[in-house]
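Asks: Got target-v8.cif for you, mmCIF, C-alpha atoms:
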data_data
#
loop_
_atom_site.group_PDB
_atom_site.id
_atom_site.type_symbol
_atom_site.label_atom_id
_atom_site.label_comp_id
_atom_site.auth_asym_id
_atom_site.auth_seq_id
_atom_site.Cartn_x
_atom_site.Cartn_y
_atom_site.Cartn_z
ATOM 1 C CA MET A 11 3.203 18.221 -13.640
ATOM 2 C CA SER A 12 1.818 21.167 -11.647
ATOM 3 C CA ASP A 13 0.292 20.715 -8.199
ATOM 4 C CA HIS A 14 -3.114 21.362 -9.746
ATOM 5 C CA ASP A 15 -2.561 18.745 -12.438
ATOM 6 C CA LEU A 16 -1.234 16.252 -9.923
ATOM 7 C CA LYS A 17 -4.304 16.755 -7.731
ATOM 8 C CA THR A 18 -6.582 16.285 -10.747
ATOM 9 C CA THR A 19 -4.701 13.135 -11.666
ATOM 10 C CA PHE A 20 -5.039 11.879 -8.098
ATOM 11 C CA TRP A 21 -8.830 12.213 -8.121
ATOM 12 C CA ASP A 22 -9.081 10.789 -11.653
ATOM 13 C CA ARG A 23 -7.099 7.705 -10.781
ATOM 14 C CA VAL A 24 -8.143 7.000 -7.211
ATOM 15 C CA GLU A 25 -11.622 6.270 -8.598
ATOM 16 C CA ASN A 26 -10.097 3.293 -10.395
ATOM 17 C CA VAL A 27 -8.692 1.785 -7.218
ATOM 18 C CA ASN A 28 -10.914 -0.230 -4.886
ATOM 19 C CA VAL A 29 -8.849 -0.792 -1.791
ATOM 20 C CA GLY A 30 -6.028 0.929 0.067
ATOM 21 C CA MET A 31 -4.302 0.601 3.417
ATOM 22 C CA LEU A 32 -5.748 2.812 6.158
ATOM 23 C CA SER A 33 -4.147 3.517 9.532
ATOM 24 C CA ALA A 34 -5.066 6.032 12.183
ATOM 25 C CA THR A 35 -2.244 7.473 14.266
ATOM 26 C CA GLY A 36 -0.902 4.689 16.461
ATOM 27 C CA THR A 37 -2.638 1.806 14.692
ATOM 28 C CA ASP A 38 -1.440 -0.637 12.062
ATOM 29 C CA PRO A 39 -2.637 -0.306 8.467
ATOM 30 C CA ARG A 40 -5.452 -2.531 7.244
ATOM 31 C CA PRO A 41 -7.089 -2.909 3.834
ATOM 32 C CA MET A 42 -10.227 -0.856 3.418
ATOM 33 C CA ALA A 43 -12.444 -0.257 0.388
ATOM 34 C CA HIS A 44 -12.885 3.448 -0.375
ATOM 35 C CA HIS A 45 -15.449 5.478 -2.250
ATOM 36 C CA ALA A 46 -13.689 8.525 -3.717
ATOM 37 C CA ARG A 47 -15.700 11.738 -4.100
ATOM 38 C CA ARG A 48 -13.791 14.621 -5.632
ATOM 39 C CA ASP A 49 -16.674 17.042 -5.027
ATOM 40 C CA ASP A 50 -16.645 16.244 -1.319
ATOM 41 C CA GLY A 51 -12.865 16.443 -1.132
ATOM 42 C CA ALA A 52 -13.116 13.132 0.667
ATOM 43 C CA LEU A 53 -12.633 9.393 0.599
ATOM 44 C CA TRP A 54 -15.517 7.545 2.239
ATOM 45 C CA PHE A 55 -15.386 4.228 4.104
ATOM 46 C CA LEU A 56 -18.098 2.066 5.561
ATOM 47 C CA THR A 57 -17.438 0.281 8.809
ATOM 48 C CA ALA A 58 -19.126 -0.637 12.080
ATOM 49 C CA LYS A 59 -19.329 1.298 15.310
ATOM 50 C CA HIS A 60 -16.974 -0.862 17.358
ATOM 51 C CA THR A 61 -14.165 -1.384 14.860
ATOM 52 C CA ASP A 62 -10.826 0.337 15.336
ATOM 53 C CA ILE A 63 -11.572 2.628 12.411
ATOM 54 C CA GLY A 64 -15.075 3.370 13.681
ATOM 55 C CA GLU A 65 -13.662 4.391 17.057
ATOM 56 C CA ASP A 66 -10.753 6.300 15.537
ATOM 57 C CA ALA A 67 -13.169 8.262 13.353
ATOM 58 C CA ALA A 68 -15.424 9.037 16.307
ATOM 59 C CA ALA A 69 -12.331 10.403 18.053
ATOM 60 C CA GLY A 70 -11.445 12.526 15.005
ATOM 61 C CA LYS A 71 -7.971 11.015 14.724
ATOM 62 C CA ASP A 72 -5.383 11.818 12.097
ATOM 63 C CA ALA A 73 -4.853 8.999 9.645
ATOM 64 C CA ARG A 74 -2.786 7.888 6.675
ATOM 65 C CA TYR A 75 -4.167 6.199 3.588
ATOM 66 C CA GLN A 76 -1.853 4.470 1.154
ATOM 67 C CA ILE A 77 -2.736 3.485 -2.376
ATOM 68 C CA ALA A 78 -0.543 1.275 -4.553
ATOM 69 C CA SER A 79 -1.916 0.336 -7.959
ATOM 70 C CA GLY A 80 0.120 -0.306 -11.061
ATOM 71 C CA ASP A 81 -3.065 -0.833 -13.061
ATOM 72 C CA ALA A 82 -4.505 2.532 -12.076
ATOM 73 C CA LYS A 83 -1.030 4.091 -12.348
ATOM 74 C CA ILE A 84 -1.094 5.647 -8.932
ATOM 75 C CA TYR A 85 0.914 5.262 -5.766
ATOM 76 C CA ALA A 86 0.055 7.670 -2.972
ATOM 77 C CA VAL A 87 0.659 8.344 0.707
ATOM 78 C CA VAL A 88 -2.211 10.547 1.846
ATOM 79 C CA ASP A 89 -2.353 12.200 5.270
ATOM 80 C CA GLY A 90 -5.608 13.549 6.649
ATOM 81 C CA THR A 91 -8.229 13.231 9.337
ATOM 82 C CA LEU A 92 -11.065 10.829 10.080
ATOM 83 C CA SER A 93 -14.549 11.802 11.161
ATOM 84 C CA ILE A 94 -17.997 10.266 11.402
ATOM 85 C CA GLU A 95 -20.558 11.464 8.859
ATOM 86 C CA SER A 96 -24.092 11.493 10.211
ATOM 87 C CA SER A 97 -25.929 12.637 7.075
ATOM 88 C CA ARG A 98 -28.420 10.018 5.948
ATOM 89 C CA ASP A 99 -28.339 11.476 2.425
ATOM 90 C CA LYS A 100 -24.615 10.854 2.212
ATOM 91 C CA LEU A 101 -25.027 7.297 3.458
ATOM 92 C CA ASP A 102 -27.707 6.718 0.806
ATOM 93 C CA GLU A 103 -25.292 8.020 -1.815
ATOM 94 C CA ILE A 104 -22.310 5.932 -0.745
ATOM 95 C CA TRP A 105 -24.100 2.700 0.200
ATOM 96 C CA SER A 106 -23.906 -0.139 -2.326
ATOM 97 C CA PRO A 107 -25.699 -3.507 -2.407
ATOM 98 C CA MET A 108 -22.420 -5.202 -1.519
ATOM 99 C CA ASP A 109 -22.374 -3.451 1.828
ATOM 100 C CA ALA A 110 -25.677 -5.042 2.800
ATOM 101 C CA ALA A 111 -24.022 -8.452 3.161
ATOM 102 C CA TRP A 112 -22.356 -7.646 6.430
ATOM 103 C CA PHE A 113 -24.909 -5.654 8.379
ATOM 104 C CA GLU A 114 -27.830 -7.683 9.681
ATOM 105 C CA GLU A 115 -30.215 -4.800 9.344
ATOM 106 C CA GLY A 116 -28.619 -3.477 6.167
ATOM 107 C CA LYS A 117 -28.320 0.255 5.821
ATOM 108 C CA ASP A 118 -30.574 0.752 8.857
ATOM 109 C CA ASP A 119 -28.326 -1.290 11.156
ATOM 110 C CA GLU A 120 -27.467 0.878 14.134
ATOM 111 C CA ASP A 121 -23.858 -0.268 13.931
ATOM 112 C CA VAL A 122 -23.301 1.217 10.459
ATOM 113 C CA ARG A 123 -20.775 4.025 10.482
ATOM 114 C CA LEU A 124 -19.959 6.162 7.468
ATOM 115 C CA VAL A 125 -16.391 7.392 7.866
ATOM 116 C CA ARG A 126 -15.083 10.469 6.115
ATOM 117 C CA PHE A 127 -11.359 10.721 5.416
ATOM 118 C CA THR A 128 -10.419 14.300 4.555
ATOM 119 C CA PRO A 129 -7.019 14.475 2.847
ATOM 120 C CA LYS A 130 -4.752 17.329 3.947
ATOM 121 C CA SER A 131 -1.574 16.511 2.072
ATOM 122 C CA ALA A 132 -0.181 13.741 -0.070
ATOM 123 C CA GLU A 133 2.876 12.453 -1.825
ATOM 124 C CA ILE A 134 1.834 11.070 -5.177
ATOM 125 C CA TRP A 135 3.509 9.033 -7.879
ATOM 126 C CA ALA A 136 1.327 8.987 -10.988
ATOM 127 C CA HIS A 137 3.307 7.825 -13.962
ATOM 128 C CA ASP A 138 1.715 7.336 -17.327
ATOM 129 C CA SER A 139 2.929 3.895 -18.245
ATOM 130 C CA THR A 140 3.853 0.846 -16.273
ATOM 131 C CA ALA A 141 7.273 0.700 -17.859
ATOM 132 C CA LYS A 142 7.881 4.356 -17.230
ATOM 133 C CA ALA A 143 6.703 3.992 -13.681
ATOM 134 C CA PHE A 144 9.477 1.581 -12.972
ATOM 135 C CA TYR A 145 12.151 3.714 -14.557
ATOM 136 C CA GLU A 146 10.903 6.930 -13.027
ATOM 137 C CA MET A 147 10.548 5.392 -9.631
ATOM 138 C CA ALA A 148 14.022 4.147 -9.968
ATOM 139 C CA LYS A 149 15.322 7.532 -11.115
ATOM 140 C CA SER A 150 13.357 9.198 -8.393
ATOM 141 C CA ALA A 151 14.863 6.861 -5.869
ATOM 142 C CA VAL A 152 18.324 7.663 -7.127
ATOM 143 C CA SER A 153 17.978 11.421 -7.239
ATOM 144 C CA ASP A 154 15.448 11.893 -4.433
ATOM 145 C CA ASP A 155 13.807 14.189 -6.966
ATOM 146 C CA VAL A 156 10.335 15.059 -5.712
ATOM 147 C CA ALA A 157 9.154 16.826 -8.859
ATOM 148 C CA ASN A 158 10.224 14.716 -11.800
ATOM 149 C CA PRO A 159 8.227 15.135 -15.014
ATOM 150 C CA GLY A 160 6.617 11.736 -14.830
ATOM 151 C CA GLY A 161 4.128 12.885 -12.200
ATOM 152 C CA HIS A 162 5.668 12.696 -8.761
ATOM 153 C CA GLY A 163 5.256 15.345 -6.110
ATOM 154 C CA LYS A 164 3.835 16.494 -2.823
ATOM 155 C CA ILE A 165 0.562 18.395 -2.773
ATOM 156 C CA SER A 166 -1.794 20.038 -0.299
ATOM 157 C CA PHE A 167 -5.549 19.675 -0.571
ATOM 158 C CA MET B 28 -5.706 -21.094 7.146
ATOM 159 C CA SER B 29 -2.735 -22.202 9.298
ATOM 160 C CA ASP B 30 0.301 -19.997 9.815
ATOM 161 C CA HIS B 31 2.266 -22.321 7.559
ATOM 162 C CA ASP B 32 -0.330 -22.111 4.811
ATOM 163 C CA LEU B 33 -0.571 -18.353 5.155
ATOM 164 C CA LYS B 34 3.189 -18.040 4.818
ATOM 165 C CA THR B 35 3.163 -20.269 1.746
ATOM 166 C CA THR B 36 0.364 -18.166 0.269
ATOM 167 C CA PHE B 37 2.337 -15.017 1.017
ATOM 168 C CA TRP B 38 5.390 -16.214 -0.937
ATOM 169 C CA ASP B 39 3.221 -17.586 -3.749
ATOM 170 C CA ARG B 40 1.377 -14.338 -4.243
ATOM 171 C CA VAL B 41 4.043 -11.751 -3.541
ATOM 172 C CA GLU B 42 5.808 -13.010 -6.673
ATOM 173 C CA ASN B 43 2.844 -11.714 -8.668
ATOM 174 C CA VAL B 44 3.167 -8.201 -7.301
ATOM 175 C CA ASN B 45 5.724 -5.800 -8.746
ATOM 176 C CA VAL B 46 5.723 -2.831 -6.424
ATOM 177 C CA GLY B 47 4.995 -2.110 -2.774
ATOM 178 C CA MET B 48 5.470 0.774 -0.362
ATOM 179 C CA LEU B 49 8.710 0.652 1.629
ATOM 180 C CA SER B 50 9.547 2.778 4.658
ATOM 181 C CA ALA B 51 12.408 2.521 7.103
ATOM 182 C CA THR B 52 11.740 3.592 10.673
ATOM 183 C CA GLY B 53 11.224 7.339 10.666
ATOM 184 C CA THR B 54 10.863 7.782 6.920
ATOM 185 C CA ASP B 55 7.810 8.086 4.682
ATOM 186 C CA PRO B 56 6.807 5.175 2.460
ATOM 187 C CA ARG B 57 7.740 5.232 -1.202
ATOM 188 C CA PRO B 58 6.998 2.820 -4.056
ATOM 189 C CA MET B 59 9.739 0.293 -4.691
ATOM 190 C CA ALA B 60 9.912 -2.687 -7.027
ATOM 191 C CA HIS B 61 10.741 -5.914 -5.217
ATOM 192 C CA HIS B 62 12.205 -9.233 -6.245
ATOM 193 C CA ALA B 63 10.764 -11.911 -3.952
ATOM 194 C CA ARG B 64 12.932 -14.937 -3.153
ATOM 195 C CA ARG B 65 11.294 -17.507 -0.914
ATOM 196 C CA ASP B 66 14.500 -19.557 -0.663
ATOM 197 C CA ASP B 67 16.383 -16.537 0.650
ATOM 198 C CA GLY B 68 13.573 -15.611 3.019
ATOM 199 C CA ALA B 69 13.945 -12.146 1.575
ATOM 200 C CA LEU B 70 12.608 -9.434 -0.662
ATOM 201 C CA TRP B 71 15.331 -7.755 -2.710
ATOM 202 C CA PHE B 72 15.442 -4.151 -3.904
ATOM 203 C CA LEU B 73 17.858 -2.337 -6.151
ATOM 204 C CA THR B 74 18.742 1.245 -5.381
ATOM 205 C CA ALA B 75 21.695 3.622 -5.322
ATOM 206 C CA LYS B 76 24.185 4.327 -2.565
ATOM 207 C CA HIS B 77 22.967 7.816 -1.650
ATOM 208 C CA THR B 78 19.211 7.253 -1.627
ATOM 209 C CA ASP B 79 17.292 7.182 1.625
ATOM 210 C CA ILE B 80 16.778 3.439 1.265
ATOM 211 C CA GLY B 81 20.431 2.872 0.393
ATOM 212 C CA GLU B 82 21.497 4.738 3.521
ATOM 213 C CA ASP B 83 18.835 3.105 5.704
ATOM 214 C CA ALA B 84 19.973 -0.316 4.552
ATOM 215 C CA ALA B 85 23.614 0.510 5.238
ATOM 216 C CA ALA B 86 22.531 1.462 8.761
ATOM 217 C CA GLY B 87 20.631 -1.821 9.162
ATOM 218 C CA LYS B 88 17.373 -0.073 9.998
ATOM 219 C CA ASP B 89 14.059 -1.704 10.707
ATOM 220 C CA ALA B 90 11.537 -1.196 7.930
ATOM 221 C CA ARG B 91 7.951 -1.859 6.934
ATOM 222 C CA TYR B 92 6.853 -3.043 3.492
ATOM 223 C CA GLN B 93 3.223 -2.844 2.461
ATOM 224 C CA ILE B 94 1.656 -4.708 -0.419
ATOM 225 C CA ALA B 95 -1.843 -4.043 -1.712
ATOM 226 C CA SER B 96 -2.936 -5.968 -4.783
ATOM 227 C CA GLY B 97 -6.460 -7.053 -5.564
ATOM 228 C CA ASP B 98 -5.222 -8.792 -8.718
ATOM 229 C CA ALA B 99 -2.691 -10.890 -6.833
ATOM 230 C CA LYS B 100 -5.160 -11.292 -3.959
ATOM 231 C CA ILE B 101 -2.785 -10.147 -1.293
ATOM 232 C CA TYR B 102 -2.667 -7.291 1.153
ATOM 233 C CA ALA B 103 0.193 -7.359 3.623
ATOM 234 C CA VAL B 104 1.981 -5.265 6.224
ATOM 235 C CA VAL B 105 5.430 -6.781 6.615
ATOM 236 C CA ASP B 106 7.891 -5.729 9.315
ATOM 237 C CA GLY B 107 11.563 -6.586 9.032
ATOM 238 C CA THR B 108 15.068 -5.256 8.661
ATOM 239 C CA LEU B 109 17.109 -3.771 5.832
ATOM 240 C CA SER B 110 20.698 -4.627 5.028
ATOM 241 C CA ILE B 111 23.156 -4.247 2.175
ATOM 242 C CA GLU B 112 24.029 -7.425 0.277
ATOM 243 C CA SER B 113 27.568 -7.452 -1.037
ATOM 244 C CA SER B 114 27.522 -10.790 -2.863
ATOM 245 C CA ARG B 115 28.169 -10.312 -6.561
ATOM 246 C CA ASP B 116 26.490 -13.637 -7.287
ATOM 247 C CA LYS B 117 23.287 -12.409 -5.687
ATOM 248 C CA LEU B 118 23.427 -9.171 -7.669
ATOM 249 C CA ASP B 119 23.862 -11.191 -10.863
ATOM 250 C CA GLU B 120 20.820 -13.236 -9.935
ATOM 251 C CA ILE B 121 18.571 -10.295 -9.087
ATOM 252 C CA TRP B 122 19.688 -7.838 -11.783
ATOM 253 C CA SER B 123 17.397 -7.465 -14.781
ATOM 254 C CA PRO B 124 17.905 -5.572 -18.063
ATOM 255 C CA MET B 125 15.412 -2.953 -16.895
ATOM 256 C CA ASP B 126 17.717 -1.978 -14.072
ATOM 257 C CA ALA B 127 20.457 -1.051 -16.500
ATOM 258 C CA ALA B 128 18.527 2.039 -17.644
ATOM 259 C CA TRP B 129 19.281 4.020 -14.568
ATOM 260 C CA PHE B 130 22.886 3.254 -13.729
ATOM 261 C CA GLU B 131 25.396 4.829 -16.072
ATOM 262 C CA GLU B 132 27.797 1.964 -15.708
ATOM 263 C CA GLY B 133 25.064 -0.661 -15.481
ATOM 264 C CA LYS B 134 25.581 -3.454 -13.015
ATOM 265 C CA ASP B 135 29.189 -2.374 -12.469
ATOM 266 C CA ASP B 136 28.238 1.147 -11.432
ATOM 267 C CA GLU B 137 29.800 1.797 -8.043
ATOM 268 C CA ASP B 138 26.555 3.396 -6.853
ATOM 269 C CA VAL B 139 24.511 0.183 -7.265
ATOM 270 C CA ARG B 140 23.251 -1.152 -3.959
ATOM 271 C CA LEU B 141 21.435 -4.443 -3.566
ATOM 272 C CA VAL B 142 19.173 -4.138 -0.546
ATOM 273 C CA ARG B 143 17.923 -7.151 1.377
ATOM 274 C CA PHE B 144 14.669 -6.848 3.308
ATOM 275 C CA THR B 145 14.345 -9.708 5.782
ATOM 276 C CA PRO B 146 10.748 -10.120 6.990
ATOM 277 C CA LYS B 147 10.310 -10.836 10.699
ATOM 278 C CA SER B 148 6.539 -10.709 11.040
ATOM 279 C CA ALA B 149 3.550 -9.807 8.934
ATOM 280 C CA GLU B 150 -0.170 -9.289 8.953
ATOM 281 C CA ILE B 151 -1.606 -10.789 5.799
ATOM 282 C CA TRP B 152 -4.954 -10.700 4.065
ATOM 283 C CA ALA B 153 -4.996 -13.292 1.269
ATOM 284 C CA HIS B 154 -8.545 -13.952 0.167
ATOM 285 C CA ASP B 155 -9.309 -16.206 -2.728
ATOM 286 C CA SER B 156 -11.639 -14.081 -4.786
ATOM 287 C CA THR B 157 -12.033 -10.394 -5.284
ATOM 288 C CA ALA B 158 -15.642 -10.492 -4.204
ATOM 289 C CA LYS B 159 -14.839 -12.519 -1.120
ATOM 290 C CA ALA B 160 -12.001 -10.203 -0.315
ATOM 291 C CA PHE B 161 -14.393 -7.326 0.012
ATOM 292 C CA TYR B 162 -16.841 -9.228 2.151
ATOM 293 C CA GLU B 163 -14.189 -10.788 4.326
ATOM 294 C CA MET B 164 -12.378 -7.545 4.776
ATOM 295 C CA ALA B 165 -15.638 -6.047 5.747
ATOM 296 C CA LYS B 166 -16.402 -8.861 8.180
ATOM 297 C CA SER B 167 -12.899 -8.710 9.498
ATOM 298 C CA ALA B 168 -13.270 -5.000 10.053
ATOM 299 C CA VAL B 169 -16.495 -5.572 11.932
ATOM 300 C CA SER B 170 -15.340 -8.396 14.151
ATOM 301 C CA ASP B 171 -11.643 -7.553 14.370
ATOM 302 C CA ASP B 172 -11.243 -11.256 13.709
ATOM 303 C CA VAL B 173 -7.597 -11.938 12.910
ATOM 304 C CA ALA B 174 -8.035 -15.555 11.882
ATOM 305 C CA ASN B 175 -11.066 -15.696 9.617
ATOM 306 C CA PRO B 176 -11.180 -18.624 7.169
ATOM 307 C CA GLY B 177 -10.626 -16.463 4.118
ATOM 308 C CA GLY B 178 -6.923 -16.157 4.857
ATOM 309 C CA HIS B 179 -6.233 -13.356 7.288
ATOM 310 C CA GLY B 180 -3.750 -13.573 10.106
ATOM 311 C CA LYS B 181 -0.473 -12.574 11.663
ATOM 312 C CA ILE B 182 2.610 -14.715 11.090
ATOM 313 C CA SER B 183 6.259 -14.825 12.056
ATOM 314 C CA PHE B 184 8.968 -15.682 9.558
#
Represent the structure contained in this file as structure tokens.

Replies:
Amino acid sequence: MSDHDLKTTFWDRVENVNVGMLSATGTDPRPMAHHARRDDGALWFLTAKHTDIGEDAAAGKDARYQIASGDAKIYAVVDGTLSIESSRDKLDEIWSPMDAAWFEEGKDDEDVRLVRFTPKSAEIWAHDSTAKAFYEMAKSAVSDDVANPGGHGKISF
Amino acid sequence: MSDHDLKTTFWDRVENVNVGMLSATGTDPRPMAHHARRDDGALWFLTAKHTDIGEDAAAGKDARYQIASGDAKIYAVVDGTLSIESSRDKLDEIWSPMDAAWFEEGKDDEDVRLVRFTPKSAEIWAHDSTAKAFYEMAKSAVSDDVANPGGHGKISF
């Protein structure tokens, strides 16, 4: 699979995953729900101003996002940077009714922070069947082969 | 949820997950299929002698294993140590027909390495419904509450 194809596969499949593990440099990973937007070249997260992630994004820290989904056929270790997005239009686009449950003032709550994660590079395993995934992972583990035909490789964004 | 209950929930649910992301200190995470054994207090992995994980286990390195499964209702960051298990009985117990596909000599292949991951501590999110998981994760993110009633906390093994 070419780098281009692997990147396409990444964006196709990450849309089918709800939650990954996000960690800024120096912090432990925690589950976060993402909103993937291929056209933005970004994964979006909603959080509050005084959370670790909110503060890490305000500081523009590097971060790692890990996805592990057999159902969506994607495992990925994505390295990139966090930032705070201040566009109200983007918040309107990303915001879902579910998010309203945890901000007293809803979307207008002053604590709401829309966090942009901009991927820079990633190692991706995107095998086409669950059975194959196991075998290929195994083979990959044995050979340390980073470009096996089942869809494993490192890409830049 | 008490520490004891959270640990019980961890072992109950990790059996329903096939693959997590394993990284020894200083190496990048990669997907690995685990075999969870509560009675051993261990997660078992099969690999080959000359893989990164095989070598890290031979060196007795510390490692981190991350699990992220909405279906199994568990997200976990588990810290522990790797070691090589030399018991043939344990290999017989863990070995499955699927593993035979990638060792030329099957279970008797001299490259087969049974790796034991012994958890020492973990941060666990184990919410009881997918919907709740999202809300609780969100609330947890907001409050940095490490002991919310939905099943989030840090435990020692």

Asks: Give me the residues near region 142-153 of chain B as a ChimeraX atom specification, where near means some atom within 9 Å (using all atoms listed in the file) and where sequence neighbours in that chain fewer than 6 positions away do not count.

Replies: /A:40-41 /B:33-34,36-37,40,67-74,80-81,84-85,90-92,99-112,160,164,173,177-184

Asks: For a quick check of understanding, using all atoms listed in the file, which of A:Pro107, A:Gly30, A:Gly36, A:Gly70 has the smallest distance to chain B?

Replies: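 For chain B, the nearest of the given residues is A:Gly30.
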
Asks: Any idea what the distance is between CA of Val29 (chain A) and CA of Met42 (chain A)?

Replies: 5.4 Å

Asks: Near Val139 (chain B), counting all atoms listed in the file, which residues have an atom at most 12 Å away, once you skip same-chain residues fewer than 6 positions from it, shown as a list in words?

Replies: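 Contacts, with the query itself left out: Ala148, Ala151 and Val152 of chain A; Phe72, Leu73, Thr74, Ala75, Lys76, His77, Thr78, Ile80, Gly81, Ile111, Glu112, Ser113, Arg115, Leu118, Asp119, Trp122, Asp126, Ala127, Trp129, Phe130, Glu131, Glu132 and Gly133 of chain B.
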
Asks: Would you mind exporting the chosen residues as a PDB file, in the coordinates of the input, restricted to C-alpha atoms?

Replies:
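Heads up, here's the output in part_31.pdb:
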ATOM      1  CA  ALA A 148      14.022   4.147  -9.968  1.00  0.00           C
ATOM      2  CA  ALA A 151      14.863   6.861  -5.869  1.00  0.00           C
ATOM      3  CA  VAL A 152      18.324   7.663  -7.127  1.00  0.00           C
TER       4      VAL A 152
ATOM      5  CA  PHE B  72      15.442  -4.151  -3.904  1.00  0.00           C
ATOM      6  CA  LEU B  73      17.858  -2.337  -6.151  1.00  0.00           C
ATOM      7  CA  THR B  74      18.742   1.245  -5.381  1.00  0.00           C
ATOM      8  CA  ALA B  75      21.695   3.622  -5.322  1.00  0.00           C
ATOM      9  CA  LYS B  76      24.185   4.327  -2.565  1.00  0.00           C
ATOM     10  CA  HIS B  77      22.967   7.816  -1.650  1.00  0.00           C
ATOM     11  CA  THR B  78      19.211   7.253  -1.627  1.00  0.00           C
ATOM     12  CA  ILE B  80      16.778   3.439   1.265  1.00  0.00           C
ATOM     13  CA  GLY B  81      20.431   2.872   0.393  1.00  0.00           C
ATOM     14  CA  ILE B 111      23.156  -4.247   2.175  1.00  0.00           C
ATOM     15  CA  GLU B 112      24.029  -7.425   0.277  1.00  0.00           C
ATOM     16  CA  SER B 113      27.568  -7.452  -1.037  1.00  0.00           C
ATOM     17  CA  ARG B 115      28.169 -10.312  -6.561  1.00  0.00           C
ATOM     18  CA  LEU B 118      23.427  -9.171  -7.669  1.00  0.00           C
ATOM     19  CA  ASP B 119      23.862 -11.191 -10.863  1.00  0.00           C
ATOM     20  CA  TRP B 122      19.688  -7.838 -11.783  1.00  0.00           C
ATOM     21  CA  ASP B 126      17.717  -1.978 -14.072  1.00  0.00           C
ATOM     22  CA  ALA B 127      20.457  -1.051 -16.500  1.00  0.00           C
ATOM     23  CA  TRP B 129      19.281   4.020 -14.568  1.00  0.00           C
ATOM     24  CA  PHE B 130      22.886   3.254 -13.729  1.00  0.00           C
ATOM     25  CA  GLU B 131      25.396   4.829 -16.072  1.00  0.00           C
ATOM     26  CA  GLU B 132      27.797   1.964 -15.708  1.00  0.00           C
ATOM     27  CA  GLY B 133      25.064  -0.661 -15.481  1.00  0.00           C
TER      28      GLY B 133
END

Asks: Point out the residue among B:Asn43, B:Ser50, B:Ser96, B:Ser123 with the least atom-to-atom distance to chain A, counting all atoms listed in the file.

Replies: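 The answer is B:Ser96, which sits nearest to chain A.
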
Asks: Just to confirm, what's the straight-line distance from CA of Ala63 (chain B) to CA of Ser29 (chain B) in Å (one decimal)?

Replies: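 Going from CA of Ala63 (chain B) over to CA of Ser29 (chain B) covers 21.5 Å.
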
Asks: In Å to one decimal, how far is CA of Ile77 (chain A) from CA of Glu42 (chain B)?

Replies: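 Going from CA of Glu42 (chain B) over to CA of Ile77 (chain A), I get 19.1 Å.
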